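Shown next: structure_1.cif, containing mmCIF, C-alpha atoms.
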```
data_input
#
loop_
_atom_site.label_atom_id
_atom_site.label_comp_id
_atom_site.auth_asym_id
_atom_site.auth_seq_id
_atom_site.Cartn_x
_atom_site.Cartn_y
_atom_site.Cartn_z
CA MET F 1 141.46 87.79 70.48
CA LYS F 2 140.47 90.89 68.51
CA ILE F 3 137.72 88.90 66.75
CA LEU F 4 136.44 87.56 70.08
CA LYS F 5 136.42 91.07 71.56
CA TYR F 6 134.54 92.36 68.53
CA LEU F 7 131.96 89.57 68.81
CA LEU F 8 131.47 90.31 72.51
CA ILE F 9 130.83 93.98 71.73
CA ILE F 10 128.35 93.08 68.99
CA ASN F 11 126.61 90.60 71.30
CA SER F 12 126.40 93.19 74.10
CA CYS F 13 124.88 95.74 71.75
CA PHE F 14 122.39 93.18 70.47
CA ILE F 15 121.31 92.23 74.00
CA SER F 16 120.93 95.90 74.96
CA ALA F 17 118.79 96.61 71.89
CA TRP F 18 116.69 93.49 72.56
CA LEU F 19 116.09 94.46 76.16
CA ASN F 20 114.96 97.94 75.21
CA ALA F 21 112.66 96.52 72.54
CA ALA F 22 110.73 94.55 75.17
CA GLU F 23 107.01 95.07 74.70
CA ASP F 24 105.09 96.73 77.50
CA PRO F 25 102.65 94.13 78.91
CA PHE F 26 100.10 96.91 79.61
CA LYS F 27 100.48 98.45 76.12
CA SER F 28 100.38 101.87 77.75
CA THR F 29 100.27 104.86 75.43
CA PHE F 30 102.57 106.64 77.93
CA TRP F 31 105.17 103.86 78.17
CA GLU F 32 107.66 105.47 75.80
CA TYR F 33 107.39 108.76 77.70
CA VAL F 34 107.70 107.35 81.25
CA SER F 35 110.44 104.87 80.31
CA GLU F 36 112.56 107.67 78.83
CA LYS F 37 111.85 109.86 81.84
CA HIS F 38 112.61 107.37 84.61
CA LEU F 39 114.92 104.64 83.25
CA GLU F 40 117.91 106.89 82.53
CA GLY F 41 118.50 105.40 79.06
CA LYS F 42 119.65 102.11 80.58
CA PRO F 43 118.64 98.63 79.29
CA TYR F 44 115.42 97.23 80.72
CA TYR F 45 113.16 94.22 80.60
CA PHE F 46 109.98 93.05 82.28
CA ASP F 47 110.76 90.62 85.08
CA ASP F 48 108.32 88.37 86.97
CA ARG F 49 110.58 88.54 90.03
CA ILE F 50 109.52 92.17 90.56
CA LYS F 51 105.98 91.90 91.92
CA VAL F 52 103.59 94.80 92.42
CA SER F 53 100.15 94.31 93.93
CA GLY F 54 97.20 96.57 94.65
CA PRO F 55 93.40 96.65 94.51
CA ASP F 56 91.59 95.95 91.25
CA PHE F 57 89.69 99.18 91.83
CA ALA F 58 90.77 102.02 94.12
CA GLU F 59 87.69 103.45 95.79
CA ASN F 60 89.76 106.22 97.39
CA SER F 61 92.15 107.52 94.74
CA ALA F 62 94.03 109.57 97.32
CA GLN F 63 94.87 106.50 99.46
CA VAL F 64 95.69 103.54 97.21
CA PRO F 65 97.52 100.66 98.94
CA ILE F 66 100.31 99.00 96.98
CA ARG F 67 102.94 96.38 97.78
CA VAL F 68 106.28 95.93 96.04
CA ASP F 69 108.13 92.62 96.48
CA ALA F 70 111.52 91.86 94.93
CA ILE F 71 112.54 89.22 97.46
CA ASP F 72 113.24 86.71 94.64
CA PHE F 73 115.92 89.02 93.22
CA PRO F 74 119.51 88.64 94.58
CA SER F 75 119.69 91.34 97.26
CA GLU F 76 123.41 91.96 96.75
CA GLN F 77 122.67 92.98 93.17
CA ILE F 78 120.10 95.68 94.00
CA GLU F 79 121.01 99.33 93.54
CA LYS F 80 117.54 100.84 94.04
CA ILE F 81 113.84 100.39 93.32
CA ILE F 82 111.70 103.17 91.90
CA VAL F 83 107.90 103.32 91.76
CA PHE F 84 106.15 105.32 89.06
CA VAL F 85 102.64 105.70 87.65
CA ASP F 86 102.14 106.19 83.92
CA PHE F 87 99.15 108.55 84.01
CA ASN F 88 99.86 110.56 87.15
CA PRO F 89 100.76 114.25 86.71
CA ILE F 90 103.52 113.45 89.23
CA SER F 91 104.59 110.13 87.74
CA HIS F 92 107.57 109.39 90.03
CA VAL F 93 106.22 108.23 93.38
CA LEU F 94 109.30 107.15 95.32
CA THR F 95 112.78 105.66 95.25
CA PHE F 96 113.59 102.88 97.73
CA LYS F 97 117.20 101.98 98.55
CA PRO F 98 117.69 98.88 100.74
CA VAL F 99 121.19 99.72 102.01
CA GLN F 100 121.62 96.89 104.53
CA GLN F 101 119.57 94.56 106.75
CA VAL F 102 116.28 95.49 105.03
CA GLN F 103 114.52 93.18 102.60
CA PRO F 104 113.60 94.45 99.11
CA ARG F 105 109.88 94.51 99.83
CA PHE F 106 107.59 97.19 101.23
CA SER F 107 104.04 98.44 101.21
CA THR F 108 102.69 101.99 101.25
CA LYS F 109 99.82 104.11 99.95
CA ILE F 110 99.93 106.34 96.88
CA LYS F 111 97.76 108.76 94.89
CA LEU F 112 96.19 107.89 91.53
CA GLU F 113 94.89 110.56 89.19
CA LYS F 114 93.19 107.99 86.95
CA ALA F 115 93.28 104.29 86.08
CA SER F 116 96.89 103.43 85.28
CA PRO F 117 99.70 100.92 85.36
CA VAL F 118 101.63 101.24 88.63
CA ARG F 119 105.20 100.08 88.12
CA ALA F 120 108.25 99.15 90.18
CA ALA F 121 111.62 99.18 88.43
CA LEU F 122 114.66 97.62 90.10
CA LEU F 123 118.10 98.81 89.00
CA ASP F 124 120.78 96.15 89.39
CA LYS F 125 124.50 96.74 89.98
CA GLN F 126 125.21 96.11 86.28
CA GLY F 127 122.96 99.01 85.24
CA ASN F 128 119.94 97.03 84.00
CA TRP F 129 116.33 97.72 84.98
CA HIS F 130 113.96 94.90 85.96
CA ILE F 131 110.32 95.96 85.82
CA GLY F 132 107.07 94.68 87.28
CA GLY F 133 103.68 96.29 87.60
CA VAL F 134 99.95 96.12 88.18
CA PHE F 135 97.03 97.90 86.54
CA ILE F 136 94.74 99.64 89.03
CA ARG F 137 91.39 101.10 88.06
CA ALA F 138 90.38 104.21 89.98
CA SER F 139 87.58 106.74 90.34
CA GLY F 140 90.22 109.39 89.70
CA GLY F 141 91.41 112.73 90.97
CA GLY F 142 93.76 111.45 93.68
CA CYS F 143 96.57 113.87 92.82
CA ALA F 144 94.30 116.89 92.42
CA LEU F 145 92.37 116.43 95.68
CA PRO F 146 93.32 118.71 98.60
CA PRO F 147 94.57 117.10 101.83
CA SER F 148 91.70 115.84 103.98
CA GLY F 149 90.93 116.40 107.66
CA ASP F 150 91.91 119.20 110.02
CA GLN F 151 94.91 120.82 108.38
CA GLN F 152 95.67 123.04 111.37
CA ALA F 153 95.99 119.96 113.56
CA SER F 154 98.06 118.28 110.87
CA LEU F 155 100.52 121.18 110.80
CA GLN F 156 100.71 121.28 114.59
CA ASN F 157 101.64 117.58 114.63
CA LEU F 158 103.86 117.74 111.54
CA LEU F 159 106.21 114.73 111.29
CA ALA F 160 104.77 113.12 114.41
CA THR F 161 105.30 109.39 113.89
CA LYS F 162 103.49 106.31 115.11
CA SER F 163 105.25 102.96 114.83
CA HIS F 164 104.95 99.29 115.63
CA VAL F 165 107.97 96.99 115.66
CA VAL F 166 107.26 93.25 115.70
CA PRO F 167 110.36 91.05 116.29
CA ARG F 168 110.25 87.53 114.89
CA SER F 169 112.66 84.61 115.08
CA SER F 170 114.84 85.77 112.18
CA SER F 171 113.37 89.11 111.10
CA THR F 172 111.44 92.15 112.28
CA ARG F 173 108.38 93.88 110.86
CA ILE F 174 108.57 97.66 110.97
CA LYS F 175 105.35 99.64 110.59
CA LEU F 176 105.39 103.42 110.66
CA LYS F 177 103.12 106.33 109.83
CA THR F 178 104.01 110.01 109.94
CA ILE F 179 101.70 113.02 109.92
CA HIS F 180 102.08 115.23 106.85
CA PRO F 181 99.64 116.78 104.32
CA MET F 182 101.71 115.67 101.29
CA SER F 183 100.22 118.46 99.19
CA THR F 184 100.81 118.16 95.43
CA GLY F 185 100.38 121.86 94.72
CA LEU F 186 97.93 121.02 91.93
CA GLN F 187 95.05 122.82 93.65
CA ALA F 188 94.59 126.57 93.08
CA GLY F 189 96.38 128.65 95.69
CA THR F 190 98.47 125.77 97.05
CA GLU F 191 102.08 124.72 96.76
CA GLU F 192 103.94 121.42 96.89
CA PHE F 193 104.63 120.42 100.49
CA TYR F 194 105.64 116.85 101.20
CA VAL F 195 108.05 114.54 102.98
CA ASN F 196 110.94 114.03 100.59
CA ASN F 197 113.34 111.90 102.64
CA LEU F 198 112.83 109.05 105.09
CA THR F 199 115.82 107.13 106.45
CA VAL F 200 115.63 104.04 108.67
CA LEU F 201 118.59 103.36 110.97
CA ASN F 202 119.49 100.48 113.27
CA GLU F 203 120.42 100.66 116.96
CA LYS F 204 123.96 101.73 116.02
CA GLU F 205 122.50 104.53 113.86
CA GLU F 206 123.74 102.86 110.68
CA VAL F 207 121.60 103.48 107.61
CA MET F 208 119.44 100.49 106.74
CA ALA F 209 117.13 101.93 104.10
CA GLU F 210 116.50 105.24 102.36
CA ILE F 211 113.20 106.33 100.80
CA GLU F 212 113.02 109.42 98.62
CA MET F 213 109.41 110.52 98.15
CA THR F 214 107.37 112.88 96.02
CA ALA F 215 103.92 114.35 96.65
CA ALA F 216 102.43 111.31 94.86
CA VAL F 217 102.77 109.38 98.12
CA ALA F 218 99.49 109.50 100.05
CA GLN F 219 98.78 111.94 102.87
CA ASP F 220 100.27 110.85 106.22
CA PRO F 221 102.84 108.49 104.62
CA SER F 222 102.87 104.95 105.95
CA PHE F 223 105.34 102.15 105.26
CA ASN F 224 105.65 98.50 106.19
CA LEU F 225 109.20 97.18 105.99
CA THR F 226 110.96 93.97 106.96
CA SER F 227 114.40 93.88 108.55
CA ASP F 228 116.66 90.83 108.51
CA GLN F 229 117.60 91.69 112.08
CA ASN F 230 115.41 91.04 115.12
CA ASN F 231 116.19 94.34 116.83
CA GLN F 232 113.88 95.70 119.51
CA PHE F 233 113.96 99.23 118.16
CA PHE F 234 115.01 101.30 115.17
CA LEU F 235 115.30 104.99 114.33
CA VAL F 236 113.77 107.03 111.53
CA GLU F 237 114.93 110.41 110.22
CA LEU F 238 112.44 112.53 108.28
CA GLU F 239 112.77 115.70 106.23
CA ASP F 240 110.18 117.55 104.17
CA SER F 241 110.35 119.91 101.20
CA LYS F 242 110.40 123.00 103.46
CA GLY F 243 113.34 121.75 105.51
CA ASN F 244 111.40 120.55 108.55
CA LYS F 245 113.22 117.62 110.18
CA ALA F 246 112.47 115.01 112.82
CA LYS F 247 114.18 112.00 114.32
CA LYS F 248 112.06 109.36 116.01
CA ARG F 249 112.61 106.07 117.79
CA LEU F 250 110.58 103.18 116.34
CA GLU F 251 109.60 100.48 118.81
#
```
Here is a file; write its structure as structure tokens.
Amino acid sequence: MKILKYLLIINSCFISAWLNAAEDPFKSTFWEYVSEKHLEGKPYYFDDRIKVSGPDFAENSAQVPIRVDAIDFPSEQIEKIIVFVDFNPISHVLTFKPVQQVQPRFSTKIKLEKASPVRAALLDKQGNWHIGGVFIRASGGGCALPPSGDQQASLQNLLATKSHVVPRSSSTRIKLKTIHPMSTGLQAGTEEFYVNNLTVLNEKEEVMAEIEMTAAVAQDPSFNLTSDQNNQFFLVELEDSKGNKAKKRLE
């Protein structure tokens, strides 16, 4: 038994070392840095089940649409999904936690400072990361650009939310967009000011999904989610980095 236990420990160490030695498919010069920063020292490997999609070239670097889809991964094994961008000055974009009744897939818009791999890393319940990604070329400057449009109007309508809920036979599409400048603070004379928490609740006000954001999410954050329930309405709770809060009904 002692020999078997010893062999199991050796095998576990070997697997962990092999996972961490996985070669980055993008051969990014920042991979070592961002992996150490975001993956918490846990084992990782690149997994085709974690799909990330986006445009080949982002014409507007401040509003880059991406989609993350981990529907092929066992949902009961998912702890969280993080999105990060190698070459952004704010590399961590968001953390998505599908608590219950929400599928592990979503779309949103992000900022890109320059051409870069955009990655999604799924942490399973055993403490292993599963990573997918896409390389998006960009004109650049998305993180350094100031918020666009009428900022006075934006502040007056802060956290106002538009939504569209589309029930289907066995699921529901949830689309939402909230007004917020999502300032990175990288412009002279400005400070970080962004939505940092978004929580989706069901009709019983039970938490379905949690999204923790940084200023690397695009101005006026928008999300498309899919619920396993065909509810007629949902709720969303929002909070920004200055403590402003809102609770809205999505329908």
Hits of the PyMOL selection byres ((chain F and resi 62-68) around 7) in this structure, as a ChimeraX atom specification: /F:51-54,58,60-61,69-70,105-112,120,142-143,218
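Proximity to Glu212 (chain F) was assessed for F:Ile50, F:Ile174, F:Val34, F:Val93 counting only C-alpha atoms; the smallest distance is recorded for F:Val93.
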I'd like the neighbourhood of region 157-164 of chain F as a VMD selection string, where a residue qualifies if any of its atoms comes within 7 Å (using all atoms listed in the file), though same-chain residues fewer than 4 positions away should be ignored. chain F and resid 153 174 to 180 246 250 to 251
Got time to write the residues from that selection, C-alpha atoms, as an mmCIF file, in the coordinates of the input?
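This is the output file result21.cif:
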```cif
data_model
loop_
_atom_site.group_PDB
_atom_site.id
_atom_site.type_symbol
_atom_site.label_atom_id
_atom_site.label_comp_id
_atom_site.auth_asym_id
_atom_site.auth_seq_id
_atom_site.Cartn_x
_atom_site.Cartn_y
_atom_site.Cartn_z
ATOM 1 C CA ALA F 153 95.990 119.960 113.560
ATOM 2 C CA ILE F 174 108.570 97.660 110.970
ATOM 3 C CA LYS F 175 105.350 99.640 110.590
ATOM 4 C CA LEU F 176 105.390 103.420 110.660
ATOM 5 C CA LYS F 177 103.120 106.330 109.830
ATOM 6 C CA THR F 178 104.010 110.010 109.940
ATOM 7 C CA ILE F 179 101.700 113.020 109.920
ATOM 8 C CA HIS F 180 102.080 115.230 106.850
ATOM 9 C CA ALA F 246 112.470 115.010 112.820
ATOM 10 C CA LEU F 250 110.580 103.180 116.340
ATOM 11 C CA GLU F 251 109.600 100.480 118.810
#
```
Calculated over all atoms listed in the file, which of the candidates F:Pro147, F:Ala209, F:Ser154, F:Trp129 has the smallest distance to Val99 (chain F)? F:Ala209
Evaluate the PyMOL selection byres ((chain F and resi 144) around 8) and report residues as a compact mmCIF listing (two decimals) with C-alpha atoms, keeping the file's coordinate frame:
```
# COMPACT_ATOMS: atom_id res chain seq x y z
CA GLU F 113 94.89 110.56 89.19
CA GLY F 141 91.41 112.73 90.97
CA GLY F 142 93.76 111.45 93.68
CA CYS F 143 96.57 113.87 92.82
CA LEU F 145 92.37 116.43 95.68
CA PRO F 146 93.32 118.71 98.60
CA THR F 184 100.81 118.16 95.43
CA LEU F 186 97.93 121.02 91.93
CA GLN F 187 95.05 122.82 93.65
```
To one decimal in Å, tell me the separation between CA of Ser139 (chain F) and CA of Pro55 (chain F).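 Separating CA of Ser139 (chain F) from CA of Pro55 (chain F) is a distance of 12.4 Å.
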